[in-house]
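Student: Pasting entry.csv below, which is CSV, C-alpha atoms.
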chain,number,residue,atom,x,y,z
O,9,MET,CA,-24.1,15.6,15.6
O,10,HIS,CA,-20.4,15.1,15.6
O,11,GLU,CA,-19.0,11.9,14.3
O,12,THR,CA,-17.7,9.6,17.0
O,13,ALA,CA,-14.5,7.5,16.6
O,14,GLY,CA,-16.7,4.4,16.2
O,15,ALA,CA,-18.8,6.0,13.5
O,16,SER,CA,-15.6,6.9,11.7
O,17,ILE,CA,-14.3,3.3,11.8
O,18,ASP,CA,-17.7,2.1,10.6
O,19,ARG,CA,-17.4,4.4,7.6
O,20,ARG,CA,-13.9,3.2,6.8
O,21,VAL,CA,-15.0,-0.5,7.1
O,22,ARG,CA,-18.0,0.2,4.9
O,23,SER,CA,-15.8,1.8,2.2
O,24,GLY,CA,-13.5,-1.3,2.2
O,25,GLY,CA,-10.7,0.5,3.9
O,26,VAL,CA,-10.4,-2.0,6.8
O,27,ARG,CA,-11.5,-5.6,7.0
O,28,ASP,CA,-8.6,-7.4,8.5
O,29,LEU,CA,-10.4,-8.5,11.6
O,30,GLU,CA,-7.6,-8.0,14.1
O,31,VAL,CA,-6.7,-4.6,12.7
O,32,GLU,CA,-10.3,-3.7,12.7
O,33,PHE,CA,-10.8,-4.7,16.3
O,34,GLU,CA,-7.7,-2.9,17.4
O,35,ALA,CA,-9.0,0.2,15.7
O,36,ARG,CA,-12.3,-0.1,17.5
O,37,LEU,CA,-10.9,-1.1,20.9
O,38,ALA,CA,-10.4,2.4,22.4
O,39,ASP,CA,-13.7,3.8,21.4
O,40,SER,CA,-15.7,0.6,22.0
O,41,GLY,CA,-13.9,-0.1,25.3
O,42,ARG,CA,-15.1,3.2,26.7
O,43,LEU,CA,-18.6,2.6,25.3
O,44,ALA,CA,-18.8,-0.9,26.8
O,45,PHE,CA,-17.5,0.4,30.1
O,46,ARG,CA,-20.1,3.2,30.3
O,47,VAL,CA,-22.9,0.9,29.4
O,48,ALA,CA,-21.9,-1.5,32.1
O,49,TYR,CA,-21.3,1.3,34.5
O,50,GLY,CA,-24.7,2.7,33.8
O,51,VAL,CA,-26.2,-0.6,35.1
O,52,LEU,CA,-23.7,-1.5,37.8
O,53,ARG,CA,-22.3,1.8,39.1
O,54,HIS,CA,-19.3,-0.1,40.3
O,55,ARG,CA,-16.0,0.6,38.5
O,56,GLU,CA,-14.3,-2.8,38.9
O,57,ASP,CA,-17.5,-4.8,38.1
O,58,ALA,CA,-18.1,-2.5,35.1
O,59,GLU,CA,-14.6,-3.0,33.8
O,60,ASP,CA,-14.9,-6.8,34.2
O,61,VAL,CA,-18.2,-6.8,32.3
O,62,ALA,CA,-16.9,-4.5,29.6
O,63,GLN,CA,-13.9,-6.8,29.1
O,64,GLU,CA,-16.0,-9.9,28.9
O,65,ALA,CA,-18.3,-8.2,26.3
O,66,LEU,CA,-15.3,-7.1,24.2
O,67,ALA,CA,-13.8,-10.5,24.4
O,68,ARG,CA,-17.0,-12.1,23.2
O,69,ALA,CA,-17.3,-9.5,20.4
O,70,TYR,CA,-13.7,-10.2,19.4
O,71,ARG,CA,-14.2,-14.0,19.3
O,72,LYS,CA,-17.3,-13.6,17.1
O,73,LEU,CA,-16.3,-10.6,15.0
O,74,ASP,CA,-16.0,-12.7,11.8
O,75,THR,CA,-19.7,-13.7,12.1
O,76,LEU,CA,-20.8,-10.0,12.0
O,77,ARG,CA,-21.9,-9.4,8.4
O,78,GLU,CA,-22.5,-5.7,8.8
O,79,PRO,CA,-19.5,-4.1,10.4
O,80,GLU,CA,-21.4,-0.8,10.9
O,81,ARG,CA,-23.6,-2.6,13.4
O,82,PHE,CA,-20.6,-3.5,15.6
O,83,ARG,CA,-21.3,-0.9,18.3
O,84,SER,CA,-25.0,-1.7,18.6
O,85,TRP,CA,-24.1,-5.3,18.8
O,86,LEU,CA,-21.6,-4.6,21.5
O,87,VAL,CA,-24.1,-2.5,23.5
O,88,ARG,CA,-26.5,-5.4,23.5
O,89,ILE,CA,-23.9,-7.9,24.6
O,90,CYS,CA,-22.7,-5.5,27.3
O,91,TRP,CA,-26.1,-4.6,28.5
O,92,ARG,CA,-27.1,-8.2,28.9
O,93,LEU,CA,-23.9,-9.2,30.7
O,94,ALA,CA,-24.2,-6.2,33.1
O,95,LEU,CA,-27.8,-7.1,33.9
O,96,ASP,CA,-26.7,-10.7,34.6
O,97,ARG,CA,-23.9,-9.4,36.8
O,98,ARG,CA,-26.3,-7.1,38.7
O,99,ARG,CA,-28.8,-9.9,39.3
O,100,ALA,CA,-25.9,-12.1,40.7
O,101,MET,CA,-24.8,-9.2,42.9
O,102,LYS,CA,-28.2,-8.7,44.3
O,103,ARG,CA,-28.6,-12.4,45.0
O,104,ARG,CA,-25.3,-12.3,46.8
O,105,GLU,CA,-26.3,-9.2,48.8
O,106,ARG,CA,-29.5,-10.8,49.8
O,107,ARG,CA,-27.7,-13.9,51.0
O,108,GLU,CA,-25.2,-11.8,52.9
O,109,GLN,CA,-27.9,-9.7,54.5
O,110,ALA,CA,-29.8,-12.9,55.5
O,111,VAL,CA,-26.7,-14.2,57.2
O,112,ALA,CA,-25.7,-10.9,58.9
O,113,GLY,CA,-29.3,-10.1,60.0
O,114,SER,CA,-31.2,-7.0,59.1
O,115,ALA,CA,-29.2,-4.1,57.5
O,116,PRO,CA,-28.5,-1.2,59.9
O,117,GLU,CA,-30.7,1.9,59.5
O,118,PRO,CA,-29.0,4.8,57.8
O,119,THR,CA,-28.0,7.5,60.2
O,120,ALA,CA,-29.1,11.1,59.9
O,121,GLU,CA,-25.6,12.1,58.6
O,122,ASN,CA,-25.8,9.5,55.9
O,123,ILE,CA,-29.2,10.7,54.8
O,124,ALA,CA,-28.0,14.3,54.7
O,125,ALA,CA,-25.0,13.3,52.6
O,126,ALA,CA,-24.8,14.5,49.1
O,127,ASN,CA,-25.2,11.0,47.8
O,128,GLU,CA,-28.8,10.8,48.9
O,129,PHE,CA,-30.2,12.2,45.7
O,130,ARG,CA,-27.9,10.2,43.6
O,131,ASP,CA,-28.9,6.9,45.4
O,132,ARG,CA,-32.6,7.7,45.0
O,133,LEU,CA,-32.1,8.6,41.4
O,134,TRP,CA,-30.4,5.4,40.5
O,135,GLN,CA,-32.9,3.4,42.4
O,136,ALA,CA,-35.6,5.0,40.3
O,137,ILE,CA,-33.6,4.4,37.2
O,138,ASP,CA,-33.2,0.7,38.1
O,139,ALA,CA,-37.0,0.5,38.5
O,140,LEU,CA,-37.6,1.9,35.0
O,141,PRO,CA,-38.7,-0.5,32.3
O,142,GLU,CA,-35.7,-1.8,30.4
O,143,LYS,CA,-36.5,-0.1,27.1
O,144,LEU,CA,-36.6,3.3,28.8
O,145,ARG,CA,-33.6,2.6,31.0
O,146,VAL,CA,-31.2,1.7,28.2
O,147,ALA,CA,-32.2,4.7,26.2
O,148,LEU,CA,-31.6,7.0,29.2
O,149,VAL,CA,-28.3,5.5,30.1
O,150,LEU,CA,-27.0,5.8,26.6
O,151,SER,CA,-28.2,9.3,26.2
O,152,GLY,CA,-26.2,10.2,29.3
O,153,ILE,CA,-22.9,9.4,27.5
O,154,GLU,CA,-21.2,12.6,26.3
O,155,GLY,CA,-21.7,13.2,22.6
O,156,TYR,CA,-24.5,10.7,22.3
O,157,ASP,CA,-27.6,12.6,21.1
O,158,VAL,CA,-30.9,11.1,20.1
O,159,GLY,CA,-29.6,10.2,16.6
O,160,GLU,CA,-26.6,8.3,18.0
O,161,VAL,CA,-28.7,6.5,20.6
O,162,ALA,CA,-31.2,5.6,17.9
O,163,ALA,CA,-28.3,4.1,15.8
O,164,LEU,CA,-27.0,2.1,18.7
O,165,LEU,CA,-30.4,0.7,19.5
O,166,GLU,CA,-31.4,0.4,15.9
O,167,LEU,CA,-34.6,2.3,16.5
O,168,PRO,CA,-36.2,5.3,14.8
O,169,PRO,CA,-35.1,8.6,16.4
O,170,GLY,CA,-38.7,9.4,17.2
O,171,THR,CA,-39.0,6.3,19.3
O,172,VAL,CA,-35.9,7.1,21.2
O,173,LYS,CA,-37.1,10.6,21.8
O,174,SER,CA,-40.4,9.4,23.2
O,175,ARG,CA,-38.7,6.8,25.4
O,176,LEU,CA,-36.3,9.4,26.8
O,177,PHE,CA,-39.3,11.7,27.5
O,178,LEU,CA,-41.2,9.0,29.3
O,179,ALA,CA,-38.1,7.9,31.3
O,180,ARG,CA,-37.3,11.4,32.5
O,181,ARG,CA,-40.9,12.2,33.4
O,182,SER,CA,-41.1,8.9,35.4
O,183,LEU,CA,-37.9,9.8,37.3
O,184,ALA,CA,-39.1,13.3,38.0
O,185,GLU,CA,-42.4,12.1,39.4
O,186,ARG,CA,-40.6,9.6,41.6
O,187,LEU,CA,-38.1,12.1,42.9
O,188,ARG,CA,-40.4,15.1,43.3
A,12,MET,CA,-58.9,26.3,40.4
A,13,SER,CA,-57.1,27.2,37.2
A,14,CYS,CA,-53.8,26.4,38.8
A,15,GLU,CA,-54.9,22.8,39.7
A,16,ARG,CA,-55.9,22.3,36.1
A,17,HIS,CA,-52.6,23.4,34.7
A,18,ARG,CA,-50.2,21.7,37.2
A,19,PRO,CA,-50.1,18.3,35.5
A,20,MET,CA,-48.9,20.0,32.4
A,21,LEU,CA,-46.0,21.7,34.1
A,22,MET,CA,-43.8,18.6,34.2
A,23,ASP,CA,-44.1,18.1,30.4
A,24,VAL,CA,-43.2,21.7,29.8
A,25,ALA,CA,-40.2,21.3,32.1
A,26,LEU,CA,-39.1,18.3,30.1
A,27,GLY,CA,-39.1,20.4,27.0
A,28,ALA,CA,-42.6,19.9,25.6
A,29,PRO,CA,-44.1,23.2,24.1
A,30,ALA,CA,-46.5,24.9,26.4
A,31,PRO,CA,-50.1,25.2,25.1
A,32,ALA,CA,-51.2,28.8,24.6
A,33,GLU,CA,-53.7,28.6,27.5
A,34,LEU,CA,-51.0,27.4,29.9
A,35,ALA,CA,-48.5,30.1,28.6
A,36,SER,CA,-51.0,32.8,29.3
A,37,HIS,CA,-51.7,31.4,32.8
A,38,LEU,CA,-48.0,31.2,33.6
A,39,ALA,CA,-47.7,34.8,32.6
A,40,ARG,CA,-50.1,36.0,35.3
A,41,CYS,CA,-49.6,33.3,38.0
A,42,PRO,CA,-46.4,33.5,40.1
A,43,GLN,CA,-47.2,30.2,42.0
A,44,CYS,CA,-47.3,28.2,38.8
A,45,ARG,CA,-44.2,29.9,37.5
A,46,ALA,CA,-42.4,28.9,40.7
A,47,ALA,CA,-43.7,25.4,40.4
A,48,LEU,CA,-42.5,25.2,36.8
A,49,GLU,CA,-39.0,26.4,37.9
A,50,ARG,CA,-39.0,23.7,40.6
A,51,GLU,CA,-39.8,21.0,38.0
A,52,GLN,CA,-37.2,22.4,35.7
A,53,ARG,CA,-34.5,22.3,38.4
A,54,LEU,CA,-35.4,18.7,39.2
A,55,VAL,CA,-35.2,17.7,35.6
A,56,GLY,CA,-31.9,19.5,35.2
A,57,ARG,CA,-30.6,17.8,38.3
A,58,ILE,CA,-31.6,14.4,37.0
A,59,ASP,CA,-30.0,15.0,33.6
A,60,ALA,CA,-26.8,16.3,35.2
A,61,GLU,CA,-26.6,13.4,37.6
A,62,VAL,CA,-27.1,10.8,34.8
A,63,GLN,CA,-24.5,12.6,32.6
A,64,ALA,CA,-22.0,12.9,35.5
A,65,THR,CA,-22.3,9.2,36.2
A,66,MET,CA,-22.0,8.2,32.5
A,67,GLN,CA,-18.9,10.3,32.1
A,68,ASP,CA,-16.9,8.1,34.3
A,69,GLN,CA,-13.9,6.7,32.5
A,70,PRO,CA,-12.5,3.2,32.8
A,71,SER,CA,-9.2,3.0,34.6
A,72,VAL,CA,-5.9,3.6,32.8
A,73,THR,CA,-5.1,-0.1,33.0
A,74,PHE,CA,-8.4,-1.1,31.3
A,75,LEU,CA,-7.2,-1.1,27.7
A,76,PRO,CA,-3.8,-2.7,28.4
A,77,ARG,CA,-5.5,-5.5,30.4
A,78,MET,CA,-8.0,-5.9,27.5
A,79,ARG,CA,-5.2,-6.3,25.0
A,80,GLU,CA,-3.4,-8.7,27.2
A,81,ARG,CA,-6.6,-10.8,27.6
A,82,LEU,CA,-7.2,-10.8,23.8
A,83,ALA,CA,-3.7,-11.9,23.2
A,84,GLU,CA,-4.2,-14.8,25.5
A,85,SER,CA,-7.5,-15.8,24.1
A,86,PRO,CA,-7.6,-18.0,21.0
A,87,ALA,CA,-7.6,-16.2,17.7
A,88,THR,CA,-10.8,-15.4,16.0
A,89,PRO,CA,-12.0,-18.5,14.1
A,90,ARG,CA,-11.7,-17.8,10.4
A,91,ARG,CA,-14.6,-18.2,8.1
A,92,TRP,CA,-12.6,-20.2,5.5
A,93,LEU,CA,-12.1,-22.9,8.1
A,94,VAL,CA,-15.9,-23.3,8.4
A,95,PHE,CA,-16.2,-23.2,4.6
A,96,TRP,CA,-13.8,-26.1,4.2
A,97,LEU,CA,-14.6,-28.2,7.2
A,98,VAL,CA,-18.2,-29.0,6.1
A,99,PRO,CA,-17.4,-30.1,2.5
A,100,ALA,CA,-14.4,-32.1,3.8
A,101,ALA,CA,-16.6,-33.9,6.3
A,102,VAL,CA,-19.2,-34.6,3.6
A,103,GLY,CA,-16.5,-35.8,1.2
A,104,LEU,CA,-15.0,-38.2,3.8
A,105,LEU,CA,-18.5,-39.6,4.5
A,106,PHE,CA,-19.1,-40.3,0.8
A,107,ALA,CA,-15.6,-41.8,0.4
A,108,SER,CA,-16.3,-44.2,3.4
A,109,LEU,CA,-19.6,-45.2,1.9
A,110,ILE,CA,-18.0,-46.0,-1.5
A,111,VAL,CA,-15.3,-48.0,0.1
A,112,ASP,CA,-17.8,-50.0,2.1
A,113,ARG,CA,-19.9,-50.8,-1.1
A,114,ARG,CA,-16.9,-52.1,-3.1
A,115,PRO,CA,-16.7,-56.0,-3.4
A,116,ASP,CA,-14.1,-57.3,-1.1
A,117,PRO,CA,-11.5,-58.9,-3.3
A,118,ALA,CA,-9.9,-62.0,-2.0
A,119,PRO,CA,-6.4,-60.7,-1.2
A,120,ILE,CA,-3.5,-62.6,-2.3
A,121,PRO,CA,-0.9,-62.2,0.4
A,122,GLU,CA,2.4,-61.0,-1.0
A,123,HIS,CA,4.4,-63.3,1.2
A,124,ALA,CA,2.2,-66.4,0.8
A,125,ALA,CA,4.7,-69.1,0.0
A,126,ALA,CA,5.0,-72.8,0.4
A,127,THR,CA,7.1,-72.3,3.5
A,128,GLU,CA,4.7,-70.0,5.1
A,129,PRO,CA,2.4,-71.8,7.6
A,130,PRO,CA,-1.3,-71.2,7.0
A,131,LEU,CA,-2.8,-68.5,9.1
A,132,PRO,CA,-5.5,-69.7,11.6
A,133,SER,CA,-8.9,-69.0,10.4
A,134,PRO,CA,-10.4,-66.0,12.2
A,135,SER,CA,-13.5,-66.6,14.2
A,136,ARG,CA,-16.5,-64.6,13.1
A,137,ALA,CA,-18.6,-65.7,16.0
A,138,ILE,CA,-19.9,-63.1,18.3
A,139,PRO,CA,-18.5,-63.6,21.7
A,140,ALA,CA,-20.9,-64.9,24.2
A,141,PRO,CA,-22.1,-62.0,26.3
A,142,THR,CA,-21.2,-62.0,29.9
A,143,GLY,CA,-22.6,-60.2,32.8
A,144,SER,CA,-26.2,-59.5,33.7
A,145,VAL,CA,-29.1,-59.8,31.4
A,146,ALA,CA,-29.5,-56.0,31.4
A,147,THR,CA,-26.1,-55.6,29.8
A,148,ARG,CA,-26.6,-58.3,27.1
A,149,PRO,CA,-28.1,-56.2,24.3
A,150,ALA,CA,-25.4,-53.6,24.7
A,151,THR,CA,-22.8,-56.3,24.6
A,152,ILE,CA,-24.2,-57.8,21.4
A,153,ARG,CA,-24.5,-54.4,19.8
A,154,ALA,CA,-20.9,-53.6,20.6
A,155,ALA,CA,-19.8,-57.0,19.2
A,156,ARG,CA,-21.7,-56.3,16.0
A,157,ALA,CA,-20.3,-52.9,15.7
A,158,ARG,CA,-16.7,-54.2,15.9
A,159,PRO,CA,-15.2,-54.7,12.5
A,160,LEU,CA,-14.6,-58.3,11.7
A,161,PRO,CA,-11.0,-59.2,10.8
A,162,ARG,CA,-10.3,-59.8,7.1
A,163,THR,CA,-9.9,-63.5,6.1
A,164,VAL,CA,-6.8,-64.7,4.5
A,165,PRO,CA,-7.2,-67.6,2.1
A,166,GLU,CA,-5.4,-70.7,3.2
A,167,VAL,CA,-4.0,-71.4,-0.2
A,168,LEU,CA,-0.4,-72.3,-0.8
A,169,VAL,CA,0.7,-71.0,-4.1
A,170,PRO,CA,4.1,-71.9,-5.6
A,171,PRO,CA,6.3,-68.8,-6.0
A,172,ALA,CA,6.4,-69.0,-9.8
A,173,GLU,CA,2.6,-69.0,-10.1
A,174,ARG,CA,1.9,-66.4,-7.6
A,175,GLU,CA,2.3,-63.4,-10.0
A,176,ALA,CA,0.1,-65.1,-12.6
A,177,LEU,CA,-2.6,-65.7,-10.1
A,178,ARG,CA,-2.5,-62.2,-8.9
A,179,LEU,CA,-2.8,-60.9,-12.4
A,180,TYR,CA,-5.7,-63.3,-13.1
A,181,MET,CA,-7.5,-62.2,-10.0
A,182,ARG,CA,-7.0,-58.6,-10.9
A,183,ASP,CA,-8.4,-59.2,-14.4
A,184,LEU,CA,-11.2,-61.2,-13.0
A,185,HIS,CA,-12.3,-58.4,-10.7
A,186,SER,CA,-12.1,-56.0,-13.6
A,187,ARG,CA,-14.2,-58.5,-15.7
A,188,ARG,CA,-11.5,-59.1,-18.2
A,189,GLY,CA,-10.2,-62.5,-16.9
A,190,ASP,CA,-9.9,-65.5,-19.1
A,191,LEU,CA,-8.0,-68.7,-18.9
A,192,ALA,CA,-5.3,-67.5,-21.3
A,193,SER,CA,-4.0,-65.1,-18.8
A,194,LEU,CA,-3.2,-67.9,-16.5
A,195,ARG,CA,0.4,-68.1,-17.3
A,196,THR,CA,3.4,-68.5,-15.1
A,197,VAL,CA,5.1,-65.2,-15.9
A,198,GLY,CA,7.9,-66.2,-13.6
A,199,PHE,CA,9.3,-68.4,-16.4
A,200,GLU,CA,9.1,-65.5,-18.9
A,201,THR,CA,11.0,-63.2,-16.6
A,202,ASN,CA,13.7,-65.9,-16.4
A,203,GLY,CA,13.9,-66.0,-20.2
A,204,LEU,CA,12.2,-69.3,-20.5
A,205,ARG,CA,9.2,-70.1,-22.6
A,206,SER,CA,5.8,-69.6,-20.9
A,207,VAL,CA,3.7,-72.6,-20.3
A,208,GLU,CA,0.3,-72.7,-22.0
A,209,MET,CA,-2.3,-74.6,-20.0
A,210,PRO,CA,-3.9,-77.2,-22.2
A,211,PRO,CA,-7.7,-77.4,-22.1
A,212,ILE,CA,-8.9,-79.9,-19.6
A,213,ASP,CA,-10.8,-82.7,-21.1
A,214,LEU,CA,-13.2,-84.2,-18.7
A,215,ALA,CA,-15.0,-87.5,-19.4
A,216,PRO,CA,-18.8,-87.3,-19.0
A,217,ILE,CA,-20.1,-88.4,-15.7
A,218,ARG,CA,-21.8,-91.7,-15.7
A,219,ILE,CA,-24.3,-92.6,-13.0
A,220,ALA,CA,-24.6,-96.2,-12.1
A,221,LEU,CA,-28.0,-97.6,-11.1
A,222,ILE,CA,-28.2,-98.7,-7.5
A,223,GLY,CA,-30.4,-101.7,-6.6
A,224,VAL,CA,-32.8,-100.8,-3.8
A,225,GLN,CA,-34.6,-103.6,-2.0
A,226,PRO,CA,-37.5,-103.2,0.4
A,227,LEU,CA,-36.6,-103.7,4.1
A,228,THR,CA,-38.1,-106.9,5.6
A,229,MET,CA,-38.5,-108.1,9.2
A,230,GLU,CA,-35.7,-110.6,8.9
A,231,SER,CA,-33.2,-108.0,7.7
A,232,ARG,CA,-34.2,-105.8,10.7
A,233,ASN,CA,-33.6,-108.6,13.2
A,234,GLU,CA,-30.2,-109.2,11.6
A,235,ASP,CA,-29.3,-105.5,12.4
Go ahead and render the structure in this file as structure tokens.
Tutor:
Amino acid sequence: MHETAGASIDRRVRSGGVRDLEVEFEARLADSGRLAFRVAYGVLRHREDAEDVAQEALARAYRKLDTLREPERFRSWLVRICWRLALDRRRAMKRRERREQAVAGSAPEPTAENIAAANEFRDRLWQAIDALPEKLRVALVLSGIEGYDVGEVAALLELPPGTVKSRLFLARRSLAERLR
Amino acid sequence: MSCERHRPMLMDVALGAPAPAELASHLARCPQCRAALEREQRLVGRIDAEVQATMQDQPSVTFLPRMRERLAESPATPRRWLVFWLVPAAVGLLFASLIVDRRPDPAPIPEHAAATEPPLPSPSRAIPAPTGSVATRPATIRAARARPLPRTVPEVLVPPAEREALRLYMRDLHSRRGDLASLRTVGFETNGLRSVEMPPIDLAPIRIALIGVQPLTMESRNED
């Protein structure tokens, strides 16, 4: 497992190299910004919304950084904040879509061309991912990030690696059975 | 029949679980099950690839600059020392206010009380009569009780030369050190004159005269 930038900052903070909060946050911003965006994007699959959510999560983390007693838990803390905010945003989006559909009448049936489009599998896959239990879903989304293996996901979720492994297995099997 | 028994295990193998020996030997001699396993493996590979492709999306190039701008606009991170000091300071203020409230209220001697100064009107301690509906009366009374009453100023005229002596006496009295000897007009001393000792006051014993009381008769009532 290669060491991510966030893990490197964690190590420096642990060793007492960094604890000025603003310097620490700035050092984390690039790595944590990408992580927050990807977590939000894994839930929302909409770039602008994911960026908004990631910014909100980072702003909250920044405001409360001094309350975090264990700096090495920063990224798992950020993932939780971001995941919750993204779920809230998606619920709000779904409510809005339902309202708009109710006003505009029933949604048009997809055409044969649309069904044949390359996005079909992707749409079905993410619908299936959205239907997964939350524990399985967050593990699957985080494992999809480049460089995040089972150990890294386990550290982010503060779970034993064996638990993450079994959740990933169940998530992928559930998806394959739905998409078969 | 053997294929149907092994099919449910193909997915687990496709997901990376080790194949049991019995399934492995079956796969070696059954092309249909091998094909089914390949299909499952392709599906799993496609799922993994799609999830990874989605999760590799990067935020836009303006994401971090906008984030920094937002953080610069937001209030700074509250410092822990502020919390550490705010609570003891609040507790200290509370105790100080309690101690001040418990101290006896010394009768203040106004610095500018002079013979020429007219006496201040005595402040009214009465609670103002509540107005308005009956429902608002308790609230009005509570508000009137909560209001601090104005401090009273003694309506005593003190000659300028004795004012300082009285002030010192009151101070000593409050600190339980007061005696009559301290009642001196220090004003004379500061002017280089001899201080005046107050002679002890000799009071004659009080004598009570007997009063003759007579019973009230009917005649005396008619006279009234």
Student: Distance table requested - chain O against chain A, cut-off 10 Å, all atoms listed in the file: one row per qualifying residue with the closest atom pair and its distance in Å to one decimal, ordered by chain and rising residue number, as CSV.
Tutor:
residue,atom,partner,partner_atom,distance
O:Leu29,CA,A:Thr88,CA,8.2
O:Glu30,CA,A:Thr88,CA,8.3
O:Glu34,CA,A:Arg79,CA,8.7
O:Leu37,CA,A:Leu75,CA,7.7
O:Ala38,CA,A:Leu75,CA,7.1
O:Gly41,CA,A:Leu75,CA,7.2
O:Arg42,CA,A:Pro70,CA,6.6
O:Leu43,CA,A:Gln69,CA,9.5
O:Ala44,CA,A:Pro70,CA,9.6
O:Phe45,CA,A:Pro70,CA,6.3
O:Arg46,CA,A:Met66,CA,5.8
O:Val47,CA,A:Met66,CA,8.0
O:Ala48,CA,A:Met66,CA,9.7
O:Tyr49,CA,A:Met66,CA,7.2
O:Gly50,CA,A:Met66,CA,6.3
O:Arg53,CA,A:Thr65,CA,7.9
O:Arg55,CA,A:Pro70,CA,7.2
O:Glu56,CA,A:Pro70,CA,8.7
O:Ala58,CA,A:Pro70,CA,8.3
O:Glu59,CA,A:Pro70,CA,6.6
O:Asp60,CA,A:Phe74,CA,9.1
O:Ala62,CA,A:Met78,CA,9.3
O:Gln63,CA,A:Met78,CA,6.2
O:Glu64,CA,A:Met78,CA,9.1
O:Leu66,CA,A:Met78,CA,8.1
O:Ala67,CA,A:Leu82,CA,6.6
O:Arg68,CA,A:Leu82,CA,9.9
O:Ala69,CA,A:Thr88,CA,9.8
O:Tyr70,CA,A:Thr88,CA,6.9
O:Arg71,CA,A:Thr88,CA,4.9
O:Lys72,CA,A:Thr88,CA,6.8
O:Leu73,CA,A:Thr88,CA,7.4
O:Asp74,CA,A:Arg91,CA,6.8
O:Thr75,CA,A:Arg91,CA,7.9
O:Phe129,CA,A:Glu61,CA,8.9
O:Arg130,CA,A:Glu61,CA,6.9
O:Leu133,CA,A:Ile58,CA,7.3
O:Trp134,CA,A:Val62,CA,8.5
O:Ile137,CA,A:Val62,CA,9.4
O:Leu148,CA,A:Val62,CA,8.1
O:Val149,CA,A:Val62,CA,7.2
O:Leu150,CA,A:Met66,CA,8.1
O:Ser151,CA,A:Gln63,CA,8.1
O:Gly152,CA,A:Gln63,CA,4.4
O:Ile153,CA,A:Met66,CA,5.2
O:Glu154,CA,A:Gln67,CA,6.6
O:Leu176,CA,A:Leu26,CA,9.9
O:Phe177,CA,A:Leu26,CA,7.1
O:Leu178,CA,A:Leu26,CA,9.6
O:Arg180,CA,A:Val55,CA,7.3
O:Arg181,CA,A:Met22,CA,7.1
O:Leu183,CA,A:Ile58,CA,7.8
O:Ala184,CA,A:Val55,CA,6.4
O:Glu185,CA,A:Met22,CA,8.4
O:Leu187,CA,A:Leu54,CA,8.0
O:Arg188,CA,A:Leu54,CA,7.4
Student: Neighbourhood query: residues within 12 Å of (-41.0, 28.6, 34.8), file coordinates, counting all atoms listed in the file; return as a PyMOL selection string.
Tutor: chain A and resi 18+20-27+30+34-35+37-53
Student: CA of Val172 (chain O) and CA of Gly159 (chain O) are how many Å apart?
Tutor: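 Computing it gives 8.4 Å between the two atoms.
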Student: By how many Å are CA of Leu164 (chain O) and CA of Val146 (chain O) apart?
Tutor: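 So the answer is 10.4 Å.
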Student: Report the distance between CA of Pro19 (chain A) and CA of Ser182 (chain O) in Å, rounded to one decimal place.
Tutor: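 Spanning CA of Pro19 (chain A) to CA of Ser182 (chain O) is a straight-line distance of 13.0 Å.
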Student: Excluding Arg98 (chain O) and any residue of its chain fewer than 3 positions from it, enumerate the residues within 10 Å of it, using all atoms listed in the file, and give them as a PyMOL selection string.
Tutor: chain O and resi 48+51-53+57+92-95+101-104
